[in-house]
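**Q** Next comes entry_30.cif, mmCIF, C-alpha atoms and all ligand atoms:
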```cif
data_structure
#
loop_
_atom_site.label_atom_id
_atom_site.label_comp_id
_atom_site.auth_asym_id
_atom_site.auth_seq_id
_atom_site.Cartn_x
_atom_site.Cartn_y
_atom_site.Cartn_z
CA MET A 27 102.96 121.44 103.30
CA ARG A 28 100.99 120.19 106.28
CA ILE A 29 98.69 117.19 105.89
CA THR A 30 96.19 115.99 108.46
CA ILE A 31 95.27 112.33 108.12
CA ILE A 32 92.05 111.01 109.63
CA ALA A 33 91.39 107.51 110.88
CA GLY A 34 88.41 106.48 112.96
CA ALA A 35 87.27 102.91 112.45
CA ARG A 36 88.71 99.47 111.69
CA PRO A 37 88.68 99.64 107.87
CA ASN A 38 90.28 103.11 108.02
CA PHE A 39 93.36 101.84 109.85
CA ILE A 40 94.05 99.31 107.10
CA LYS A 41 93.66 102.01 104.42
CA ILE A 42 95.82 104.70 106.07
CA ALA A 43 98.76 102.48 107.06
CA PRO A 44 100.45 102.50 103.62
CA ILE A 45 99.70 106.22 103.13
CA VAL A 46 101.43 107.07 106.40
CA HIS A 47 104.40 104.91 105.41
CA ALA A 48 104.62 106.49 101.95
CA LEU A 49 104.51 109.95 103.54
CA GLN A 50 107.29 109.01 105.94
CA LEU A 51 109.39 107.87 102.98
CA SER A 52 108.60 111.01 101.03
CA GLN A 53 109.67 113.15 104.00
CA LYS A 54 113.22 111.89 103.47
CA VAL A 55 113.38 113.73 100.15
CA ASN A 56 110.71 116.40 100.59
CA VAL A 57 111.68 118.21 103.75
CA ASN A 58 108.64 120.47 103.48
CA ILE A 59 106.09 117.74 104.15
CA SER A 60 104.74 117.27 107.62
CA PHE A 61 101.70 115.36 108.79
CA ARG A 62 99.52 114.86 111.81
CA LEU A 63 97.65 111.62 112.30
CA ILE A 64 94.31 112.05 114.04
CA HIS A 65 92.35 109.16 115.55
CA THR A 66 88.75 110.22 116.03
CA GLY A 67 88.12 107.46 118.55
CA GLN A 68 85.12 106.08 116.62
CA HIS A 69 86.43 102.53 117.21
CA PHE A 70 88.37 102.48 120.42
CA ASP A 71 88.86 99.00 121.89
CA LYS A 72 91.99 96.94 121.39
CA LYS A 73 90.38 94.40 119.09
CA MET A 74 88.88 97.03 116.75
CA SER A 75 91.68 99.59 116.93
CA GLY A 76 94.88 99.12 119.00
CA ASP A 77 95.82 95.76 117.45
CA PHE A 78 95.78 97.31 113.96
CA PHE A 79 98.17 100.10 114.92
CA GLU A 80 100.58 97.58 116.42
CA GLN A 81 100.45 94.99 113.64
CA LEU A 82 100.53 97.44 110.73
CA GLY A 83 103.23 99.70 112.21
CA ILE A 84 101.03 102.79 112.25
CA PRO A 85 102.60 105.46 114.49
CA VAL A 86 100.80 106.56 117.65
CA PRO A 87 98.32 109.27 116.57
CA HIS A 88 99.30 112.85 117.35
CA SER A 89 95.86 113.32 118.80
CA ASN A 90 92.88 111.14 119.74
CA LEU A 91 89.54 112.97 119.66
CA GLU A 92 87.93 110.22 121.77
CA ALA A 93 84.59 110.72 120.04
CA GLY A 94 83.36 107.11 120.19
CA GLY A 95 79.82 105.94 120.95
CA GLY A 96 76.44 107.65 120.58
CA THR A 97 74.04 107.84 117.66
CA GLN A 98 75.13 108.73 114.12
CA ALA A 99 74.30 112.40 114.76
CA GLU A 100 75.90 112.51 118.20
CA GLN A 101 79.07 110.96 116.90
CA THR A 102 79.20 113.24 113.84
CA ALA A 103 78.74 116.28 116.07
CA ALA A 104 81.32 115.18 118.64
CA ILE A 105 83.92 114.51 115.95
CA MET A 106 83.25 117.86 114.24
CA ILE A 107 83.51 119.87 117.45
CA ARG A 108 86.75 118.21 118.50
CA PHE A 109 88.29 118.20 115.04
CA GLU A 110 87.58 121.92 114.66
CA ALA A 111 89.54 122.53 117.86
CA GLU A 112 92.38 120.32 116.57
CA LEU A 113 92.59 122.25 113.27
CA THR A 114 92.48 125.57 115.08
CA LEU A 115 95.42 124.52 117.22
CA HIS A 116 97.28 122.82 114.37
CA PRO A 117 96.51 124.51 111.04
CA SER A 118 96.72 122.29 107.98
CA ASP A 119 96.90 122.63 104.19
CA LEU A 120 95.11 119.39 103.37
CA VAL A 121 92.86 117.02 105.28
CA LEU A 122 93.05 113.48 103.94
CA VAL A 123 90.10 111.20 104.71
CA VAL A 124 89.66 107.56 103.67
CA GLY A 125 86.68 105.26 103.14
CA ASP A 126 83.12 105.87 104.18
CA VAL A 127 82.74 105.94 107.95
CA THR A 128 81.23 108.70 110.10
CA SER A 129 84.71 110.12 110.78
CA THR A 130 85.34 110.46 107.03
CA MET A 131 82.28 112.66 106.53
CA ALA A 132 82.52 114.62 109.80
CA CYS A 133 86.16 115.60 109.25
CA ALA A 134 85.60 116.49 105.59
CA ILE A 135 82.79 118.88 106.56
CA THR A 136 84.84 120.43 109.36
CA ALA A 137 87.89 120.98 107.16
CA GLN A 138 86.03 122.41 104.21
CA LYS A 139 84.12 124.83 106.46
CA MET A 140 87.46 126.06 107.77
CA GLY A 141 88.68 126.63 104.21
CA ILE A 142 91.02 123.64 104.22
CA LYS A 143 91.21 121.43 101.15
CA VAL A 144 90.02 117.81 101.36
CA ALA A 145 91.45 114.72 99.69
CA HIS A 146 89.26 111.59 99.71
CA VAL A 147 90.86 108.18 99.26
CA GLU A 148 88.37 105.57 97.95
CA ALA A 149 86.23 108.35 96.48
CA GLY A 150 83.39 107.84 94.01
CA ILE A 151 82.17 104.37 94.94
CA ARG A 152 78.39 104.13 95.21
CA SER A 153 75.94 101.45 96.31
CA GLY A 154 72.95 103.63 95.41
CA ASP A 155 71.40 102.53 98.71
CA TRP A 156 70.55 105.51 100.90
CA THR A 157 69.53 103.26 103.80
CA MET A 158 73.24 102.54 104.37
CA PRO A 159 74.90 105.13 106.63
CA GLU A 160 78.10 104.59 104.61
CA GLU A 161 76.40 105.69 101.37
CA ILE A 162 75.35 108.97 102.99
CA ASN A 163 78.90 109.43 104.23
CA ARG A 164 80.24 108.83 100.70
CA LEU A 165 77.80 111.23 99.05
CA VAL A 166 78.37 114.05 101.52
CA THR A 167 82.15 113.62 101.55
CA ASP A 168 82.45 113.54 97.77
CA SER A 169 80.23 116.60 97.39
CA ILE A 170 82.87 118.68 99.26
CA THR A 171 86.10 116.93 98.25
CA ASN A 172 88.82 118.70 96.26
CA TYR A 173 91.00 115.74 95.25
CA PHE A 174 89.47 112.36 94.52
CA PHE A 175 91.63 109.22 94.70
CA THR A 176 89.77 106.27 93.24
CA THR A 177 90.03 102.47 93.35
CA SER A 178 88.36 101.82 89.97
CA GLU A 179 87.34 103.38 86.66
CA VAL A 180 83.69 102.90 87.70
CA ALA A 181 84.26 105.17 90.71
CA GLY A 182 85.76 107.82 88.42
CA ASP A 183 82.75 107.52 86.09
CA ASN A 184 80.38 108.01 89.03
CA LEU A 185 82.22 111.19 89.97
CA ARG A 186 82.29 112.51 86.40
CA ARG A 187 78.55 111.87 86.13
CA SER A 188 78.00 113.99 89.23
CA GLY A 189 79.94 116.86 87.65
CA VAL A 190 83.47 116.42 89.00
CA GLU A 191 86.10 117.55 86.48
CA ASP A 192 88.66 115.05 85.22
CA GLU A 193 91.58 117.07 86.61
CA ARG A 194 90.47 116.38 90.18
CA ILE A 195 90.06 112.60 89.77
CA PHE A 196 93.10 110.36 90.22
CA PHE A 197 92.67 106.65 89.52
CA VAL A 198 95.37 105.23 91.77
CA GLY A 199 94.18 101.79 92.93
CA ASN A 200 93.43 100.44 96.37
CA THR A 201 95.38 101.17 99.57
CA MET A 202 93.62 98.31 101.38
CA ILE A 203 95.34 96.01 98.88
CA ASP A 204 98.71 97.75 99.51
CA THR A 205 98.35 96.59 103.11
CA LEU A 206 97.28 93.10 102.09
CA LEU A 207 100.19 92.55 99.72
CA LYS A 208 102.73 94.03 102.10
CA ASN A 209 101.64 91.81 104.98
CA ARG A 210 100.74 88.58 103.21
CA GLN A 211 103.95 86.86 104.30
CA ARG A 212 103.32 87.88 107.92
CA PHE A 213 99.83 86.40 108.43
CA VAL A 214 99.65 84.40 111.65
CA ALA A 215 97.37 81.55 112.65
CA PRO A 216 94.74 82.58 115.20
CA GLU A 217 94.32 80.51 118.34
CA ILE A 218 91.29 78.66 116.89
CA TRP A 219 93.42 77.21 114.04
CA ASP A 220 95.12 74.62 116.26
CA ARG A 221 92.39 74.42 118.86
CA ILE A 222 89.88 72.87 116.45
CA ASN A 223 92.44 71.58 113.93
CA LEU A 224 91.32 73.64 110.96
CA ILE A 225 92.48 72.41 107.55
CA THR A 226 93.18 74.60 104.52
CA GLY A 227 90.17 74.69 102.17
CA GLU A 228 87.88 72.91 104.61
CA TYR A 229 86.14 75.67 106.57
CA LEU A 230 84.09 78.82 106.01
CA VAL A 231 84.66 82.32 107.38
CA LEU A 232 81.60 84.41 108.20
CA THR A 233 81.37 88.13 109.05
CA LEU A 234 78.18 90.17 109.43
CA HIS A 235 77.74 93.72 110.67
CA ARG A 236 75.42 95.66 108.35
CA PRO A 237 72.21 96.87 110.01
CA ALA A 238 70.08 95.16 107.29
CA ASN A 239 71.41 91.78 108.40
CA VAL A 240 72.07 92.08 112.10
CA ASP A 241 69.57 94.57 113.56
CA GLN A 242 66.52 92.35 113.01
CA GLU A 243 66.87 89.23 115.12
CA ALA A 244 64.60 87.13 112.85
CA GLN A 245 66.70 87.97 109.75
CA LEU A 246 69.97 87.20 111.51
CA LYS A 247 68.59 83.89 112.83
CA GLU A 248 67.31 82.77 109.41
CA LEU A 249 70.58 83.65 107.70
CA LEU A 250 72.62 81.71 110.23
CA GLU A 251 70.32 78.70 110.12
CA GLU A 252 70.47 78.59 106.34
CA ILE A 253 74.27 78.83 106.33
CA ILE A 254 74.51 76.03 108.92
CA VAL A 255 72.09 73.75 107.02
CA ASN A 256 74.05 74.18 103.78
CA SER A 257 77.56 74.00 105.23
CA ARG A 258 78.05 70.20 104.86
CA GLN A 259 79.17 70.26 108.52
CA ILE A 260 82.52 71.90 107.78
CA PRO A 261 83.55 74.44 110.45
CA ILE A 262 82.08 77.95 110.18
CA ILE A 263 84.35 80.51 111.86
CA PHE A 264 82.45 83.66 112.80
CA PRO A 265 84.51 86.55 114.24
CA VAL A 266 81.70 88.63 115.72
CA HIS A 267 81.66 92.41 115.20
CA PRO A 268 80.66 94.31 118.38
CA ARG A 269 77.52 95.58 116.64
CA THR A 270 76.39 92.01 115.94
CA ALA A 271 77.28 90.58 119.35
CA LYS A 272 74.34 92.17 121.15
CA ASN A 273 71.71 90.55 118.94
CA LEU A 274 73.47 87.21 118.66
CA ALA A 275 73.39 86.78 122.41
CA ASN A 276 69.57 86.81 122.34
CA LEU A 277 69.22 84.29 119.51
CA GLY A 278 70.60 81.25 121.28
CA ILE A 279 71.81 79.73 118.00
CA ASN A 280 74.09 76.75 118.40
CA ALA A 281 75.50 74.20 115.98
CA PRO A 282 78.43 71.86 116.51
CA ASN A 283 80.28 73.35 113.51
CA LEU A 284 79.53 77.04 114.23
CA HIS A 285 82.33 78.79 116.13
CA PHE A 286 81.75 82.31 117.44
CA ILE A 287 85.01 84.11 118.19
CA GLU A 288 85.99 87.70 118.99
CA PRO A 289 87.01 90.02 116.14
CA LEU A 290 90.46 88.95 114.97
CA SER A 291 93.53 91.06 114.46
CA TYR A 292 94.36 91.85 110.83
CA LEU A 293 97.15 89.27 110.46
CA GLU A 294 95.06 86.52 112.04
CA PHE A 295 91.88 87.31 110.14
CA ASN A 296 93.57 87.25 106.76
CA PHE A 297 95.46 84.05 107.64
CA LEU A 298 92.02 82.44 107.97
CA VAL A 299 90.63 84.07 104.82
CA GLU A 300 93.60 83.07 102.68
CA ARG A 301 93.01 79.39 103.52
CA ALA A 302 89.20 79.35 103.58
CA LYS A 303 86.95 77.40 101.23
CA LEU A 304 84.54 80.32 101.20
CA VAL A 305 83.96 83.67 102.90
CA VAL A 306 80.38 84.76 103.57
CA THR A 307 80.16 88.44 104.45
CA ASP A 308 78.34 91.75 104.25
CA SER A 309 81.58 93.74 104.49
CA GLY A 310 82.88 95.77 101.57
CA GLY A 311 86.61 95.63 102.25
CA ILE A 312 86.65 91.87 102.72
CA THR A 313 85.28 91.33 99.19
CA GLU A 314 88.32 93.22 97.87
CA GLU A 315 90.72 91.08 99.89
CA THR A 316 89.07 87.79 98.81
CA THR A 317 89.24 89.00 95.20
CA VAL A 318 92.98 89.54 95.44
CA MET A 319 93.57 86.25 97.27
CA GLY A 320 91.27 84.36 94.84
CA ILE A 321 89.01 83.04 97.60
CA PRO A 322 85.32 82.45 96.77
CA CYS A 323 83.14 85.05 98.48
CA ILE A 324 79.39 85.47 98.95
CA THR A 325 78.07 88.94 99.80
CA LEU A 326 74.79 88.97 101.72
CA ARG A 327 73.60 92.36 100.47
CA ASN A 328 71.28 93.64 97.75
CA ASN A 329 73.84 96.01 96.30
CA THR A 330 77.54 96.76 96.36
CA GLU A 331 79.65 99.85 95.88
CA ARG A 332 82.48 97.56 94.70
CA PRO A 333 81.15 96.02 91.45
CA GLU A 334 84.64 95.03 90.26
CA THR A 335 84.78 92.36 93.00
CA ILE A 336 81.94 90.66 91.08
CA SER A 337 82.72 91.50 87.45
CA ILE A 338 86.45 90.79 87.84
CA GLY A 339 86.85 89.07 91.20
CA THR A 340 85.54 86.03 93.08
CA ASN A 341 82.60 87.71 94.77
CA GLU A 342 78.89 86.93 94.20
CA LEU A 343 76.21 89.35 95.35
CA ILE A 344 73.29 87.19 96.45
CA GLY A 345 70.97 89.54 98.37
CA THR A 346 69.74 89.21 101.93
CA ASP A 347 67.06 86.57 101.34
CA PRO A 348 68.22 83.38 103.15
CA ALA A 349 66.64 81.29 100.35
CA ASN A 350 69.42 82.44 97.99
CA ILE A 351 72.13 80.75 100.04
CA LYS A 352 71.54 77.12 98.99
CA PRO A 353 72.19 77.42 95.23
CA TYR A 354 75.48 79.24 95.81
CA PHE A 355 76.66 76.76 98.43
CA ASP A 356 75.79 73.94 96.01
CA LYS A 357 77.84 75.64 93.31
CA LEU A 358 80.79 75.93 95.67
CA PHE A 359 80.70 72.37 96.92
CA ASN A 360 80.32 71.14 93.33
CA GLY A 361 83.58 72.92 92.45
CA LYS A 362 81.86 75.33 90.03
CA TRP A 363 83.00 78.69 91.48
CA LYS A 364 84.24 81.30 89.00
CA LYS A 365 87.99 81.93 88.89
CA GLY A 366 88.36 85.73 88.89
CA SER A 367 91.37 87.99 88.47
CA ILE A 368 92.80 91.13 90.06
CA PRO A 369 91.40 94.59 89.20
CA PRO A 370 93.68 97.16 87.53
CA LEU A 371 96.15 99.00 89.78
CA TRP A 372 95.45 96.82 92.82
CA ASP A 373 99.18 96.23 92.83
CA GLY A 374 100.48 97.34 96.21
CA LYS A 375 101.73 100.74 94.97
CA THR A 376 98.64 102.88 95.45
CA ALA A 377 99.83 104.86 98.49
CA GLU A 378 103.02 105.83 96.65
CA ARG A 379 100.91 107.12 93.75
CA ILE A 380 98.72 109.12 96.14
CA VAL A 381 101.65 110.75 97.90
CA ASP A 382 103.41 111.50 94.58
CA GLN A 383 100.25 113.16 93.32
CA ILE A 384 99.79 115.23 96.47
CA VAL A 385 103.42 116.37 96.29
CA LYS A 386 102.83 117.39 92.65
CA ILE A 387 99.70 119.35 93.52
CA TYR A 388 101.47 121.29 96.26
CA GLU A 389 104.84 121.82 94.50
N1 LIG A 401 89.02 92.44 109.59
C1 LIG A 401 89.87 92.06 110.62
N2 LIG A 401 89.39 91.24 111.61
C2 LIG A 401 88.11 90.77 111.62
C3 LIG A 401 87.24 91.16 110.55
C4 LIG A 401 87.73 92.01 109.57
O1 LIG A 401 91.05 92.44 110.63
O2 LIG A 401 87.74 90.03 112.54
C5 LIG A 401 89.53 93.35 108.54
C6 LIG A 401 89.40 92.85 107.13
O3 LIG A 401 90.55 92.10 106.74
C7 LIG A 401 89.26 94.13 106.32
C8 LIG A 401 88.57 95.08 107.28
O4 LIG A 401 88.73 94.52 108.58
O5 LIG A 401 90.55 94.65 106.03
C9 LIG A 401 87.11 95.21 106.93
O6 LIG A 401 86.47 95.90 107.90
P1 LIG A 401 84.88 95.93 108.07
O7 LIG A 401 84.30 94.65 107.57
O8 LIG A 401 84.64 96.32 109.49
O9 LIG A 401 84.48 97.17 107.20
P2 LIG A 401 83.92 97.39 105.75
O10 LIG A 401 84.96 96.91 104.78
O11 LIG A 401 82.63 96.66 105.64
O12 LIG A 401 83.73 98.87 105.66
#
```
Let's see the structure in the file written out as structure tokens.
Ligand code: UDP

**A**
Amino acid sequence: MRITIIAGARPNFIKIAPIVHALQLSQKVNVNISFRLIHTGQHFDKKMSGDFFEQLGIPVPHSNLEAGGGTQAEQTAAIMIRFEAELTLHPSDLVLVVGDVTSTMACAITAQKMGIKVAHVEAGIRSGDWTMPEEINRLVTDSITNYFFTTSEVAGDNLRRSGVEDERIFFVGNTMIDTLLKNRQRFVAPEIWDRINLITGEYLVLTLHRPANVDQEAQLKELLEEIIVNSRQIPIIFPVHPRTAKNLANLGINAPNLHFIEPLSYLEFNFLVERAKLVVTDSGGITEETTVMGIPCITLRNNTERPETISIGTNELIGTDPANIKPYFDKLFNGKWKKGSIPPLWDGKTAERIVDQIVKIYE
């Protein structure tokens, strides 16, 4: 069987790495499996793409569609046009997409319209918030997916409620956590660690890139000011996503303990997270990683598609109102943060389960 794997943006690379490795292992016993890895080019610079391939041992993609940039619609269209050409040239039995980025949705549509089956890894999660481009990507992708690989029972329930039959839902766990557990011993200190003499448990990590937080300058400014005021002067390390950088430059925010740095490579970023006192974020994937590493996490959003990071893990969803920051920082500095545990099947073996299942389906 021929599988086409899609990766387009930073979180995708982390999710596909273990799947590619499990497929390579499976090829040793299943001579009939072949795969092509397609990079859509949605994220293209070294810090958002190249570094992840190198660090996580992902092979060079068979093809790069180079469809980066543009509006949501322009990017969707560019990916679809180029992916259709790729599939015409290299027919496939199954297109495997991961996560919730534009590439996920665009490639699922293209494949299904060409009569090719679609597998979605991280299917079924829902924030219920249609203002998030990712939620639209999830809804569209799952409405035309054949095989659903889920990270939680809640995701499976969401799919069943929308009419998906049990036989097509496979609760397998979380490939992002496969990558985390596999690489935990390899984390490396980023340059800033020694430069400002960071100490384990005595700094915060901040990441922001959702439109609701970073597209309005006033909102971004208020959030940052509130975090600074409540930080008890411990260092705040802020690796800035390219989307956020543009607006930050106009704000002119400065504080002696606030350190803006470029996006970090995977091994450097998680070195910092694993030793942080707290992570403040609006990312989804990071709340899963902090849950597994037992690091307190605050999510600056009004909803989450990953409720298990709150009900089981160390995450607290506090909304986007800057006024909510103080009580949670007080709780943290008073040593009152909840303990949390690890969600079922987030055990480092998810990619193996996915590949085993795919082999079974196509036997
Ligand atoms: N990440 C990274 N370097 C950074 C920030 C994040 O390697 O400077 C990793 C992080 O460990 C996680 C993933 O990128 O695995 C999350 O990506 P992002 O926040 O862009 O996406 P989301 O999870 O919100 O879809």

**Q** Please return as a list in words every residue within 9 Å of (95.7, 104.2, 102.5), taking into account all atoms listed in the file and the file's own coordinates.

**A**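 Those residues lying close to the given coordinates are Asn38, Phe39, Ile40, Lys41, Ile42, Ala43, Pro44, Ile45, Val46, Val124, Val147, Glu148, Asn200, Thr201, Met202, Ile203, Asp204, Thr205, Thr376, Ala377 and Ile380 of chain A.
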
**Q** Show me which residues are within 8 Å of ligand LIG 401 (chain A) counting only C-alpha atoms and all ligand atoms, and format the list as a VMD selection string.

**A** chain A and resid 35 to 37 40 74 78 125 to 127 202 206 233 to 236 265 to 267 288 to 296 308 to 313 315

**Q** A:Leu224: which residues within 12 Å, counting only C-alpha atoms, same-chain residues fewer than 6 positions away excluded, as number ranges by chain?

**A** A: 215-218, 230-231, 260-263, 283, 285, 297-298, 301-303

**Q** What is the distance between atom CA of A:Gly374 and atom CA of A:Ala137, in Å to one decimal?

**A**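 Taking atom CA of A:Gly374 as the start and atom CA of A:Ala137 as the end point, the length is 28.9 Å.
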
**Q** Using all atoms listed in the file, find the one residue out of A:Ile351, A:Val299, A:Val166, A:Ser60 that sits nearest to A:Gly227.

**A**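 Closest candidate: A:Val299.
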
**Q** Could you give me, as a short mmCIF file (atom, residue, chain, number, x, y, z; two decimals) with C-alpha atoms, in the coordinates of the input, the residues within 12 Å of A:Ala145, counting all atoms listed in the file and dropping anything in the same chain fewer than 2 positions from it?

**A**
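Okay, this is what ended up in part.cif:
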```cif
data_model
loop_
_atom_site.label_atom_id
_atom_site.label_comp_id
_atom_site.auth_asym_id
_atom_site.auth_seq_id
_atom_site.Cartn_x
_atom_site.Cartn_y
_atom_site.Cartn_z
CA ILE A 29 98.69 117.19 105.89
CA THR A 30 96.19 115.99 108.46
CA ILE A 31 95.27 112.33 108.12
CA ILE A 32 92.05 111.01 109.63
CA ASP A 119 96.90 122.63 104.19
CA LEU A 120 95.11 119.39 103.37
CA VAL A 121 92.86 117.02 105.28
CA LEU A 122 93.05 113.48 103.94
CA VAL A 123 90.10 111.20 104.71
CA VAL A 124 89.66 107.56 103.67
CA GLY A 125 86.68 105.26 103.14
CA THR A 130 85.34 110.46 107.03
CA MET A 131 82.28 112.66 106.53
CA CYS A 133 86.16 115.60 109.25
CA ALA A 134 85.60 116.49 105.59
CA ILE A 135 82.79 118.88 106.56
CA ALA A 137 87.89 120.98 107.16
CA GLN A 138 86.03 122.41 104.21
CA ILE A 142 91.02 123.64 104.22
CA LYS A 143 91.21 121.43 101.15
CA VAL A 147 90.86 108.18 99.26
CA GLU A 148 88.37 105.57 97.95
CA ALA A 149 86.23 108.35 96.48
CA THR A 167 82.15 113.62 101.55
CA ASP A 168 82.45 113.54 97.77
CA SER A 169 80.23 116.60 97.39
CA ILE A 170 82.87 118.68 99.26
CA THR A 171 86.10 116.93 98.25
CA ASN A 172 88.82 118.70 96.26
CA TYR A 173 91.00 115.74 95.25
CA PHE A 174 89.47 112.36 94.52
CA PHE A 175 91.63 109.22 94.70
CA THR A 176 89.77 106.27 93.24
CA ARG A 194 90.47 116.38 90.18
CA ILE A 195 90.06 112.60 89.77
CA PHE A 196 93.10 110.36 90.22
CA ILE A 380 98.72 109.12 96.14
CA VAL A 381 101.65 110.75 97.90
CA GLN A 383 100.25 113.16 93.32
CA ILE A 384 99.79 115.23 96.47
CA ILE A 387 99.70 119.35 93.52
#
```

**Q** Between A:Ile338, A:Val318, A:Ala244, A:Ile253, which is the closest to A:Tyr354 once you count all atoms listed in the file?

**A**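 Result for the nearest residue to A:Tyr354: A:Ile253.
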
**Q** If we count all atoms listed in the file and set the cut-off at 7 Å, which residues sit around stretch 361-366 of chain A, ignoring sequence neighbours fewer than 5 positions away in its own chain? Please answer as a list of chain:residue names.

**A** A:Gly320, A:Pro322, A:Ile338, A:Gly339, A:Thr340

**Q** Taking into account only C-alpha atoms, which residue in the set A:Ile222, A:Ser337, A:Phe213, A:Thr177 is nearest to A:Asp373?

**A** A:Thr177

**Q** Expressed in Å to a single decimal, how great is the separation between atom CA of A:Ile107 and atom CA of A:Leu91?

**A**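 Pair atom CA of A:Ile107 / atom CA of A:Leu91 returns 9.4 Å.
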
**Q** So, with all atoms listed in the file as the atoms that count, which of A:Val180, A:Ile321, A:Met140, A:Leu49 lies closest to A:Thr114?

**A**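 Of the candidates, the smallest distance to A:Thr114 is held by A:Met140.
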